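Have a look at target-v5.csv below; it lists CSV, C-alpha atoms.
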```
chain,number,residue,atom,x,y,z
A,256,MET,CA,-148.5,62.8,-7.3
A,257,VAL,CA,-149.4,59.2,-8.1
A,258,TRP,CA,-149.4,60.0,-11.8
A,259,VAL,CA,-146.1,61.8,-11.6
A,260,ALA,CA,-144.5,58.8,-9.7
A,261,SER,CA,-145.9,56.4,-12.3
A,262,SER,CA,-144.5,58.4,-15.1
A,263,CYS,CA,-141.1,58.6,-13.5
A,264,ILE,CA,-141.0,54.8,-13.0
A,265,LYS,CA,-142.0,54.2,-16.6
A,266,SER,CA,-139.3,56.6,-17.8
A,267,MET,CA,-136.7,54.9,-15.6
A,268,LYS,CA,-137.7,51.5,-17.0
A,269,ARG,CA,-137.5,52.8,-20.6
A,270,TRP,CA,-134.1,54.4,-19.8
A,271,GLU,CA,-132.8,51.2,-18.2
A,272,ILE,CA,-133.9,49.1,-21.2
A,273,GLY,CA,-132.4,51.6,-23.6
A,274,LEU,CA,-129.1,51.6,-21.6
A,275,PHE,CA,-129.0,47.8,-21.6
A,276,TRP,CA,-129.5,47.4,-25.4
A,277,ASN,CA,-126.9,50.1,-26.0
A,278,LYS,CA,-124.2,47.8,-24.6
A,279,PRO,CA,-123.2,45.2,-27.2
A,280,ARG,CA,-121.3,43.0,-24.7
A,281,GLN,CA,-124.4,42.6,-22.5
A,282,VAL,CA,-126.4,41.5,-25.6
A,283,LEU,CA,-123.7,39.0,-26.5
A,284,THR,CA,-123.7,37.6,-23.0
A,285,VAL,CA,-127.5,37.2,-23.0
A,286,CYS,CA,-127.2,35.4,-26.3
A,287,ALA,CA,-124.7,33.0,-24.9
A,288,GLY,CA,-127.0,32.4,-21.9
A,289,LEU,CA,-129.8,31.6,-24.3
A,290,ASP,CA,-127.7,29.1,-26.1
A,291,LEU,CA,-127.0,27.3,-22.8
A,292,LEU,CA,-130.7,27.4,-22.0
A,293,GLY,CA,-131.4,26.0,-25.4
A,294,VAL,CA,-129.2,23.0,-24.6
A,295,VAL,CA,-131.4,22.2,-21.5
A,296,VAL,CA,-134.7,22.9,-23.4
A,297,VAL,CA,-133.8,20.7,-26.4
A,298,ALA,CA,-132.6,17.9,-23.9
A,299,MET,CA,-135.9,18.1,-22.1
A,300,ILE,CA,-137.8,17.7,-25.4
A,301,ALA,CA,-135.6,14.8,-26.4
A,302,ASP,CA,-136.1,13.1,-23.1
A,303,SER,CA,-139.9,13.7,-23.1
A,304,THR,CA,-140.3,12.1,-26.5
A,305,GLY,CA,-138.2,9.1,-25.6
A,306,MET,CA,-135.5,9.9,-28.1
A,307,ALA,CA,-132.7,10.1,-25.5
A,308,ASP,CA,-131.9,10.3,-21.8
A,309,LEU,CA,-129.8,13.4,-21.6
A,310,LEU,CA,-130.9,15.1,-18.3
A,311,SER,CA,-129.6,12.2,-16.3
A,312,HIS,CA,-126.1,13.5,-17.0
A,313,PRO,CA,-126.2,17.2,-16.4
A,314,GLU,CA,-122.4,17.5,-16.2
A,315,GLY,CA,-122.2,16.2,-19.8
A,316,LEU,CA,-124.8,18.6,-21.0
A,317,LEU,CA,-122.9,21.5,-19.3
A,318,GLY,CA,-119.7,20.5,-21.1
A,319,PHE,CA,-121.6,20.2,-24.4
A,320,GLY,CA,-123.1,23.7,-23.9
A,321,CYS,CA,-119.7,25.2,-23.1
A,322,VAL,CA,-118.1,23.6,-26.2
A,323,TYR,CA,-121.0,24.9,-28.3
A,324,ILE,CA,-120.6,28.4,-26.9
A,325,PHE,CA,-116.9,28.4,-27.5
A,326,PHE,CA,-117.3,27.5,-31.2
A,327,SER,CA,-120.1,29.9,-31.6
A,328,TRP,CA,-117.8,32.7,-30.3
A,329,LEU,CA,-114.9,31.4,-32.5
A,330,PHE,CA,-117.0,31.4,-35.7
A,331,GLY,CA,-118.6,34.8,-35.0
A,332,GLY,CA,-122.0,33.5,-33.9
A,333,TYR,CA,-122.2,36.3,-31.3
A,334,THR,CA,-120.4,39.2,-32.9
A,335,LEU,CA,-122.8,39.1,-35.8
A,336,LEU,CA,-125.3,40.7,-33.4
A,337,ARG,CA,-123.3,43.9,-33.7
A,338,TRP,CA,-124.0,44.1,-37.5
A,339,THR,CA,-126.2,46.9,-38.7
A,340,ARG,CA,-128.2,44.3,-40.6
A,341,LEU,CA,-128.5,40.6,-39.7
A,342,HIS,CA,-128.2,38.4,-42.8
A,343,PRO,CA,-130.1,35.0,-42.2
A,344,GLY,CA,-127.8,33.2,-44.7
A,345,GLN,CA,-124.6,34.1,-42.9
A,346,VAL,CA,-126.2,33.5,-39.5
A,347,ALA,CA,-127.3,30.0,-40.6
A,348,LEU,CA,-123.8,29.3,-42.0
A,349,ARG,CA,-122.1,30.2,-38.8
A,350,LEU,CA,-124.5,28.1,-36.7
A,351,VAL,CA,-124.0,25.1,-39.0
A,352,MET,CA,-120.2,25.4,-38.7
A,353,THR,CA,-120.6,25.7,-34.9
A,354,GLY,CA,-122.7,22.5,-34.8
A,355,LEU,CA,-120.4,20.5,-37.0
A,356,ALA,CA,-117.3,21.6,-34.9
A,357,THR,CA,-119.1,20.7,-31.7
A,358,LEU,CA,-120.1,17.3,-33.1
A,359,LEU,CA,-116.5,16.6,-34.1
A,360,VAL,CA,-115.2,17.5,-30.6
A,361,ILE,CA,-117.8,15.2,-29.0
A,362,ILE,CA,-116.9,12.3,-31.3
A,363,LEU,CA,-113.2,12.9,-30.5
A,364,VAL,CA,-113.8,13.0,-26.8
A,365,ALA,CA,-115.8,9.7,-26.9
A,366,TRP,CA,-113.1,8.0,-28.9
A,367,VAL,CA,-110.2,9.2,-26.7
A,368,MET,CA,-111.9,8.5,-23.4
A,369,ASN,CA,-113.6,5.3,-24.5
A,370,VAL,CA,-116.9,6.5,-23.2
A,371,PRO,CA,-119.3,3.6,-22.3
A,372,ASN,CA,-122.5,3.1,-24.2
A,373,THR,CA,-124.6,3.9,-21.1
A,374,LEU,CA,-123.9,7.6,-21.7
A,375,THR,CA,-126.6,8.5,-24.2
A,376,LEU,CA,-125.2,11.9,-24.8
A,377,PHE,CA,-122.5,10.3,-26.9
A,378,HIS,CA,-124.9,8.3,-29.1
A,379,ARG,CA,-125.1,9.5,-32.6
A,380,ARG,CA,-128.9,9.9,-32.5
A,381,SER,CA,-128.7,12.0,-29.4
A,382,GLN,CA,-126.0,14.2,-30.7
A,383,VAL,CA,-127.8,14.9,-34.1
A,384,SER,CA,-131.1,15.5,-32.3
A,385,LEU,CA,-129.5,17.9,-29.8
A,386,LEU,CA,-127.5,19.8,-32.4
A,387,CYS,CA,-130.4,20.1,-34.9
A,388,GLY,CA,-132.7,21.4,-32.2
A,389,LEU,CA,-130.1,23.7,-30.8
A,390,THR,CA,-129.3,25.2,-34.2
A,391,VAL,CA,-133.0,26.1,-34.7
A,392,TRP,CA,-133.1,27.5,-31.2
A,393,ALA,CA,-129.9,29.5,-31.7
A,394,LEU,CA,-131.2,31.0,-35.0
A,395,LEU,CA,-134.5,32.1,-33.4
A,396,ALA,CA,-132.7,33.5,-30.4
A,397,ARG,CA,-130.4,35.6,-32.6
A,398,LEU,CA,-133.3,36.9,-34.7
A,399,LEU,CA,-135.2,37.8,-31.5
A,400,LEU,CA,-132.3,39.6,-30.0
A,401,ARG,CA,-131.6,41.5,-33.2
A,402,GLY,CA,-135.2,42.5,-33.4
A,403,LEU,CA,-135.0,43.8,-29.8
A,404,VAL,CA,-131.8,45.7,-30.6
A,405,ARG,CA,-133.4,47.3,-33.7
A,406,GLN,CA,-136.5,48.2,-31.7
A,407,ARG,CA,-134.2,49.8,-29.1
A,408,GLN,CA,-132.4,51.8,-31.8
A,409,ARG,CA,-135.8,53.1,-33.1
A,410,THR,CA,-137.1,53.9,-29.5
A,411,PHE,CA,-133.8,55.2,-28.0
A,412,PRO,CA,-131.8,56.6,-30.9
A,413,THR,CA,-128.5,58.2,-30.0
A,414,GLU,CA,-127.7,61.8,-31.0
A,415,SER,CA,-125.5,60.6,-33.9
A,416,GLU,CA,-128.3,58.2,-35.1
A,417,LYS,CA,-130.8,61.2,-35.0
A,418,ALA,CA,-128.4,63.3,-37.2
A,419,GLU,CA,-127.9,60.3,-39.5
A,420,GLN,CA,-131.7,59.8,-40.0
A,421,GLN,CA,-132.3,63.5,-40.6
A,422,GLN,CA,-129.4,64.2,-43.0
A,423,GLN,CA,-129.1,60.7,-44.5
A,424,ARG,CA,-125.3,60.8,-44.2
A,425,LEU,CA,-122.6,59.8,-41.7
A,426,LEU,CA,-120.1,62.4,-40.5
A,427,PRO,CA,-116.6,60.8,-40.7
A,428,ALA,CA,-115.2,63.1,-38.0
A,429,HIS,CA,-117.9,62.0,-35.5
A,430,LEU,CA,-118.0,58.3,-36.4
A,431,PRO,CA,-116.1,56.0,-34.1
A,432,GLU,CA,-113.8,53.5,-35.8
A,433,GLU,CA,-115.8,50.5,-34.5
A,434,ALA,CA,-119.2,52.1,-35.5
A,435,LEU,CA,-118.8,50.8,-39.1
A,436,THR,CA,-117.0,47.6,-39.9
A,437,LEU,CA,-116.8,45.5,-43.0
A,438,HIS,CA,-119.3,43.0,-41.5
A,439,ASP,CA,-121.8,45.8,-40.8
A,440,ILE,CA,-122.4,46.6,-44.4
A,441,PRO,CA,-125.1,44.6,-46.4
A,442,TRP,CA,-122.7,44.1,-49.3
A,443,SER,CA,-120.5,41.8,-47.1
A,444,ASP,CA,-123.2,39.1,-47.3
A,445,THR,CA,-121.9,37.2,-50.4
A,446,LEU,CA,-125.1,35.0,-50.3
A,447,SER,CA,-127.4,38.0,-50.4
A,448,VAL,CA,-130.0,37.9,-53.2
A,449,GLN,CA,-129.8,41.7,-53.4
A,450,ARG,CA,-126.1,41.4,-54.2
A,451,GLN,CA,-126.6,38.9,-57.0
A,452,LEU,CA,-129.6,40.9,-58.3
A,453,LYS,CA,-127.4,44.1,-58.4
A,454,ARG,CA,-124.8,42.4,-60.5
A,455,ALA,CA,-127.4,40.9,-62.9
A,456,ALA,CA,-129.0,44.3,-63.2
A,457,ASP,CA,-125.6,45.9,-63.9
A,458,ILE,CA,-125.0,43.6,-66.8
A,459,ALA,CA,-128.5,43.8,-68.3
A,460,VAL,CA,-128.8,47.6,-68.0
A,461,ALA,CA,-125.2,48.2,-69.2
A,462,LEU,CA,-125.8,46.2,-72.4
A,463,ILE,CA,-129.1,47.9,-73.1
A,464,LEU,CA,-127.6,51.4,-72.5
A,465,ILE,CA,-124.6,50.6,-74.8
A,466,LEU,CA,-126.9,49.6,-77.6
A,467,VAL,CA,-129.2,52.6,-77.2
A,468,THR,CA,-126.5,55.2,-76.7
A,469,LEU,CA,-124.0,53.9,-79.3
A,470,PRO,CA,-125.1,56.5,-81.9
A,471,LEU,CA,-124.7,59.3,-79.3
A,472,MET,CA,-121.2,58.1,-78.4
A,473,LEU,CA,-120.2,57.9,-82.1
A,474,LEU,CA,-121.4,61.5,-82.7
A,475,ALA,CA,-119.8,62.8,-79.5
A,476,GLY,CA,-116.5,61.1,-80.5
A,477,LEU,CA,-116.6,62.7,-83.9
A,478,LEU,CA,-117.2,66.2,-82.4
A,479,ILE,CA,-114.4,65.7,-79.9
A,480,TRP,CA,-112.0,64.7,-82.7
A,481,MET,CA,-113.1,67.6,-84.9
A,482,GLU,CA,-112.5,70.2,-82.1
A,483,ASP,CA,-108.8,69.6,-81.6
A,484,ARG,CA,-107.9,66.5,-83.5
A,485,GLY,CA,-107.0,64.8,-80.2
A,486,PRO,CA,-107.9,61.3,-78.9
A,487,VAL,CA,-111.6,60.6,-78.4
A,488,PHE,CA,-111.2,58.5,-75.2
A,489,PHE,CA,-109.7,59.4,-71.9
A,490,VAL,CA,-108.2,56.4,-70.0
A,491,GLN,CA,-107.1,56.8,-66.4
A,492,SER,CA,-106.2,54.6,-63.4
A,493,ARG,CA,-108.7,54.7,-60.6
A,494,SER,CA,-109.2,53.0,-57.3
A,495,GLY,CA,-111.8,50.3,-57.2
A,496,LEU,CA,-113.1,47.5,-54.9
A,497,MET,CA,-110.9,47.1,-51.8
A,498,GLY,CA,-108.5,49.6,-53.3
A,499,ARG,CA,-107.5,47.6,-56.4
A,500,THR,CA,-106.8,49.9,-59.4
A,501,PHE,CA,-108.4,49.6,-62.8
A,502,LEU,CA,-108.4,51.6,-66.0
A,503,LEU,CA,-111.5,53.8,-66.3
A,504,TYR,CA,-112.8,54.9,-69.7
A,505,LYS,CA,-114.4,58.2,-70.5
A,506,LEU,CA,-115.0,60.5,-73.5
A,507,ARG,CA,-112.3,63.1,-73.4
A,508,THR,CA,-113.7,66.5,-72.2
A,509,MET,CA,-110.4,68.3,-71.6
A,510,ARG,CA,-107.3,69.3,-73.5
A,511,GLU,CA,-104.6,66.7,-73.5
A,512,ALA,CA,-102.6,66.9,-70.2
A,513,VAL,CA,-98.9,67.4,-70.1
A,514,PRO,CA,-97.3,64.3,-68.6
A,515,GLU,CA,-95.4,66.4,-66.1
A,516,ASP,CA,-98.6,68.0,-64.7
A,517,PRO,CA,-99.6,66.6,-61.3
A,518,PRO,CA,-103.1,65.3,-60.9
A,519,SER,CA,-105.7,67.8,-59.6
A,520,TRP,CA,-109.4,68.3,-59.1
A,521,THR,CA,-111.6,69.9,-61.7
A,522,ILE,CA,-112.8,73.3,-60.6
A,523,ARG,CA,-115.8,75.4,-61.7
A,524,GLY,CA,-114.9,77.2,-65.0
A,525,ASP,CA,-111.8,75.0,-65.5
A,526,ALA,CA,-109.9,76.3,-68.5
A,527,ARG,CA,-108.9,72.8,-69.5
A,528,ILE,CA,-112.4,71.9,-70.5
A,529,THR,CA,-113.2,72.0,-74.2
A,530,ARG,CA,-116.4,73.4,-75.7
A,531,ILE,CA,-117.9,70.1,-76.6
A,532,GLY,CA,-116.5,68.7,-73.3
A,533,TRP,CA,-118.5,71.3,-71.3
A,534,PHE,CA,-121.7,70.1,-72.9
A,535,LEU,CA,-120.9,66.4,-72.4
A,536,ARG,CA,-120.1,66.9,-68.8
A,537,ARG,CA,-123.3,68.9,-68.2
A,538,VAL,CA,-125.5,65.9,-69.5
A,539,ARG,CA,-123.0,63.3,-68.2
A,540,LEU,CA,-122.6,61.7,-71.7
A,541,ASP,CA,-118.8,61.6,-71.1
A,542,GLU,CA,-119.5,58.8,-68.5
A,543,LEU,CA,-121.0,56.4,-71.1
A,544,PRO,CA,-117.8,54.5,-71.9
A,545,GLN,CA,-117.7,53.4,-68.3
A,546,LEU,CA,-120.5,51.0,-69.2
A,547,VAL,CA,-117.7,48.8,-70.5
A,548,ASN,CA,-116.1,49.0,-67.0
A,549,VAL,CA,-119.5,47.8,-65.6
A,550,LEU,CA,-119.5,44.8,-67.9
A,551,LYS,CA,-116.0,43.9,-67.0
A,552,GLY,CA,-116.9,44.0,-63.3
A,553,ASP,CA,-114.6,46.9,-62.4
A,554,MET,CA,-117.6,49.1,-61.6
A,555,SER,CA,-121.3,49.0,-60.8
A,556,LEU,CA,-124.0,51.3,-62.1
A,557,ILE,CA,-124.5,52.6,-58.5
A,558,GLY,CA,-121.8,53.0,-56.0
A,559,PRO,CA,-119.1,55.4,-54.6
A,560,ARG,CA,-117.4,57.3,-57.5
A,561,PRO,CA,-113.8,56.0,-58.1
A,562,GLU,CA,-111.1,58.5,-57.3
A,563,LEU,CA,-107.5,59.0,-58.5
A,564,PRO,CA,-105.1,56.9,-56.4
A,565,GLN,CA,-102.7,59.9,-56.2
A,566,LEU,CA,-105.4,62.2,-54.8
A,567,GLU,CA,-106.6,59.5,-52.4
A,568,GLU,CA,-103.2,59.4,-50.6
A,569,GLN,CA,-103.8,62.9,-49.1
A,570,LEU,CA,-107.5,62.3,-48.6
A,571,GLU,CA,-106.8,59.1,-46.5
A,572,ALA,CA,-104.3,61.1,-44.4
A,573,ARG,CA,-106.8,63.9,-43.6
A,574,ILE,CA,-110.2,62.3,-43.6
A,575,PRO,CA,-111.2,59.5,-41.2
A,576,HIS,CA,-112.8,56.3,-42.6
A,577,TYR,CA,-111.9,57.3,-46.2
A,578,ARG,CA,-110.7,53.9,-47.3
A,579,LYS,CA,-114.0,52.3,-46.2
A,580,ARG,CA,-115.6,53.7,-49.4
A,581,HIS,CA,-113.6,50.9,-51.2
A,582,TRP,CA,-115.7,48.3,-49.5
A,583,MET,CA,-118.2,48.3,-52.3
A,584,PRO,CA,-117.6,48.5,-56.1
A,585,PRO,CA,-117.4,52.0,-57.4
A,586,GLY,CA,-120.3,53.3,-59.6
A,587,LEU,CA,-121.2,55.6,-62.4
A,588,SER,CA,-123.5,57.4,-60.0
A,589,GLY,CA,-124.0,57.2,-56.3
A,590,TRP,CA,-125.7,58.6,-53.2
A,591,ALA,CA,-122.9,61.3,-52.9
A,592,GLN,CA,-123.3,62.3,-56.5
A,593,VAL,CA,-127.0,63.0,-56.3
A,594,CYS,CA,-126.9,64.6,-52.9
A,595,ALA,CA,-123.7,66.7,-52.9
A,596,PRO,CA,-121.9,69.0,-55.4
A,597,TYR,CA,-118.8,68.0,-57.3
A,598,ALA,CA,-115.8,67.7,-54.9
A,599,ALA,CA,-112.9,70.1,-55.6
A,600,SER,CA,-111.3,70.2,-52.2
A,601,VAL,CA,-110.5,68.1,-49.1
A,602,GLU,CA,-113.5,69.6,-47.3
A,603,GLU,CA,-115.9,68.8,-50.2
A,604,ALA,CA,-114.4,65.3,-50.4
A,605,GLU,CA,-115.2,64.8,-46.7
A,606,LEU,CA,-118.8,65.9,-47.4
A,607,LYS,CA,-119.2,63.4,-50.2
A,608,LEU,CA,-117.6,60.7,-48.1
A,609,SER,CA,-120.4,61.2,-45.4
A,610,TYR,CA,-122.9,60.3,-48.1
A,611,ASP,CA,-120.8,57.3,-49.3
A,612,LEU,CA,-120.6,56.0,-45.7
A,613,TYR,CA,-124.4,56.3,-45.4
A,614,TYR,CA,-124.8,54.3,-48.7
A,615,LEU,CA,-122.5,51.6,-47.4
A,616,ARG,CA,-124.5,51.1,-44.2
A,617,HIS,CA,-128.0,51.4,-45.8
A,618,TRP,CA,-127.4,49.9,-49.3
A,619,GLY,CA,-130.3,48.0,-50.8
A,620,THR,CA,-132.2,47.6,-54.0
A,621,GLY,CA,-134.6,50.4,-52.9
A,622,LEU,CA,-131.8,52.9,-52.3
A,623,ASP,CA,-130.2,52.0,-55.7
A,624,LEU,CA,-133.5,52.7,-57.4
A,625,LEU,CA,-133.8,56.0,-55.7
A,626,ILE,CA,-130.3,57.0,-56.8
A,627,LEU,CA,-131.1,55.9,-60.3
A,628,LEU,CA,-134.2,58.1,-60.4
A,629,LYS,CA,-132.3,61.1,-59.0
A,630,THR,CA,-129.5,60.5,-61.6
A,631,ILE,CA,-132.0,60.6,-64.4
A,632,LYS,CA,-133.4,63.9,-63.0
A,633,THR,CA,-129.9,65.3,-62.9
A,634,ILE,CA,-129.2,64.4,-66.5
A,635,LEU,CA,-132.5,65.8,-67.7
A,636,LYS,CA,-131.8,69.1,-65.9
A,637,ALA,CA,-128.2,69.1,-67.3
A,638,LYS,CA,-126.8,69.7,-63.8
A,639,GLY,CA,-123.6,67.7,-64.3
A,640,ARG,CA,-120.2,69.4,-63.9
```
Could you show the structure in this file as structure tokens?
Amino acid sequence: MVWVASSCIKSMKRWEIGLFWNKPRQVLTVCAGLDLLGVVVVAMIADSTGMADLLSHPEGLLGFGCVYIFFSWLFGGYTLLRWTRLHPGQVALRLVMTGLATLLVIILVAWVMNVPNTLTLFHRRSQVSLLCGLTVWALLARLLLRGLVRQRQRTFPTESEKAEQQQQRLLPAHLPEEALTLHDIPWSDTLSVQRQLKRAADIAVALILILVTLPLMLLAGLLIWMEDRGPVFFVQSRSGLMGRTFLLYKLRTMREAVPEDPPSWTIRGDARITRIGWFLRRVRLDELPQLVNVLKGDMSLIGPRPELPQLEEQLEARIPHYRKRHWMPPGLSGWAQVCAPYAASVEEAELKLSYDLYYLRHWGTGLDLLILLKTIKTILKAKGR
């Protein structure tokens, strides 16, 4: 009986901890409380070292703490705890902005109210010491809280999180609107080393591939022209980063379309595909001219595949979260391309979107390398379509 009671108590405690960390507002409230505690702790340290006499004016410290909390909220210093990944660079930037804004308010208050010199809180040395110490404290507090939240997610995963981990995709129909925001995705961190590395790798690899495959493209272009004397390249408008359109280049694999024909998906056994086009699509050589798009910055080597703007209108109307795939640059290959078949219907497009959303949330250099290896495997096995 004792063992049963002990097990029940431990289970209840684990459930309560999991329930607490599953409520973002409570985590944000705790973070604000830690900031206020940090004001007191830093003031105690400053007083004990003889740098200031801050604790003798608790009302001033309380006002200082409230101003700091306000600006931290205003500049997103608390909402960033909801992000899937915490980016130290952006956290530090928000904390520095919060500290500078707080300092300006304190200086303005001292000037307007003509505060006497006996109030050491308004001395420049006291303010700088307090804000520097508080910035370090706030950074550590946020990293600690984010670590606890991540631990909770690993220990108490929700049902949707379990499906995500097993299938490595996010089902659009079961994903709440607030579950994936622009700030949640790693790509949103403009200071990220991985983001700069991805662009540098795009340029370097694209240049190398163009030089290596140029003879293949020339031969393919000659065969395309010899088959029906039509144009070698196929140029089409596609949707890119944040929905901006760009001209995508491919080797032509179909008969020339009639201008009056509406845009449509390519289906298995499509009669429009030429003989040489069938082979080029199988080994994905028709995609090689898109390396020029990569060099121009319209595309990346890895990312969600760009779609026709005309087709996207109906997809956005019928599939939740569809436009979120535009939050990263489109790519020659992607997680959806190596995990799901070619999309030829709205249902198949929704399936591919589930992999695109997973890529957005979990993007990193490691995942890009995995996609690259899977793409090479697809090419070698001639499984393109």
The distance between CA of Ile361 in chain A and CA of Leu386 in chain A is 11.3 Å
Considering all atoms listed in the file, return as a ChimeraX atom specification whatever protein or nucleic-acid residues lie within 9 Å of range 624-631 of chain A, sequence-local ones (same chain, fewer than 3 positions apart) excluded. /A:556-557,588-590,592-594,619-621,634-636
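Of the listed residues A:Glu571, A:Asp302, A:Asp457, A:Glu314, the one whose atoms come nearest to Leu550 in chain A is A:Asp457, with distances taken using only C-alpha atoms.
Among A:Gly293, A:Pro564, A:Pro559, A:Gly552, the residue with the shortest atom-to-atom distance to Cys387 in chain A, counting only C-alpha atoms, is A:Gly293.
When CA of His617 in chain A is paired with CA of Ala455 in chain A, their separation reads 20.1 Å.
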Spatial neighbours of Trp366 in chain A, max dist 12 Å, all atoms listed in the file, sep filter under 6 positions, as a PyMOL selection string: chain A and resi 359-360+372+377-378
As a check of understanding: the span from CA of Leu496 in chain A to CA of Pro584 in chain A is 4.8 Å
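With distances taken over all atoms listed in the file, A:Phe319 is the one residue among A:Phe534, A:Leu336, A:Phe319, A:Leu446 lying closest to Leu291 in chain A.
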Contact residues around Thr445 in chain A with only C-alpha atoms at 10 Å, ignoring same-chain residues under 4 positions, as a PDB file with C-alpha atoms, in the frame of the given file:
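Saved to around-v3.pdb:
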```pdb
ATOM      1  CA  HIS A 342    -128.200  38.400 -42.800  1.00  0.00           C
ATOM      2  CA  GLY A 344    -127.800  33.200 -44.700  1.00  0.00           C
ATOM      3  CA  GLN A 345    -124.600  34.100 -42.900  1.00  0.00           C
ATOM      4  CA  PRO A 441    -125.100  44.600 -46.400  1.00  0.00           C
ATOM      5  CA  GLN A 449    -129.800  41.700 -53.400  1.00  0.00           C
ATOM      6  CA  ARG A 450    -126.100  41.400 -54.200  1.00  0.00           C
ATOM      7  CA  GLN A 451    -126.600  38.900 -57.000  1.00  0.00           C
TER       8      GLN A 451
END
```
Using only C-alpha atoms, find all polymer residues with an atom at most 6 Å away from the point (-131.8, 27.6, -28.5); report them as a ChimeraX atom specification. /A:290,293,389,392-393
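When all atoms listed in the file are used to compute distances to Leu395 in chain A, the closest of the residues A:Leu502, A:Ile440, A:Gln422, A:Val346 turns out to be A:Val346.
Residue nearest Lys505 in chain A, chosen from A:Glu567, A:Asp541, A:Glu433, A:Asp483 and counting only C-alpha atoms: A:Asp541.
Within 12 Å of the file-frame point (-136.2, 13.8, -24.0), and using all atoms listed in the file, the polymer residues found are Val294, Val295, Val296, Val297, Ala298, Met299, Ile300, Ala301, Asp302, Ser303, Thr304, Gly305, Met306, Ala307, Asp308, Leu309, Leu310, Ser311, Thr375, Leu376, Arg380, Ser381, Ser384, Leu385 and Gly388 of chain A.
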With distances taken over all atoms listed in the file, which of A:Leu452, A:Leu437, A:Leu606, A:Leu430 is nearest to Met497 in chain A? A:Leu437
Write out as a PyMOL selection string which residues come within 12 Å of Thr521 in chain A when counting only C-alpha atoms, dropping same-chain ones fewer than 4 positions away. chain A and resi 508-509+525-528+533+536+597-600+640
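By all atoms listed in the file, and with residues fewer than 4 positions from Arg424 in chain A along its chain excluded, the set lying at most 12 Å from it is Ser415, Glu416, Lys417, Ala418, Glu419, Gln420, His429, Leu430, Trp590, Ala591, Cys594, Ala595, Glu605, Leu606, Lys607, Leu608, Ser609, Tyr610, Asp611, Leu612, Tyr613, Tyr614, Leu615, Arg616 and His617 of chain A.
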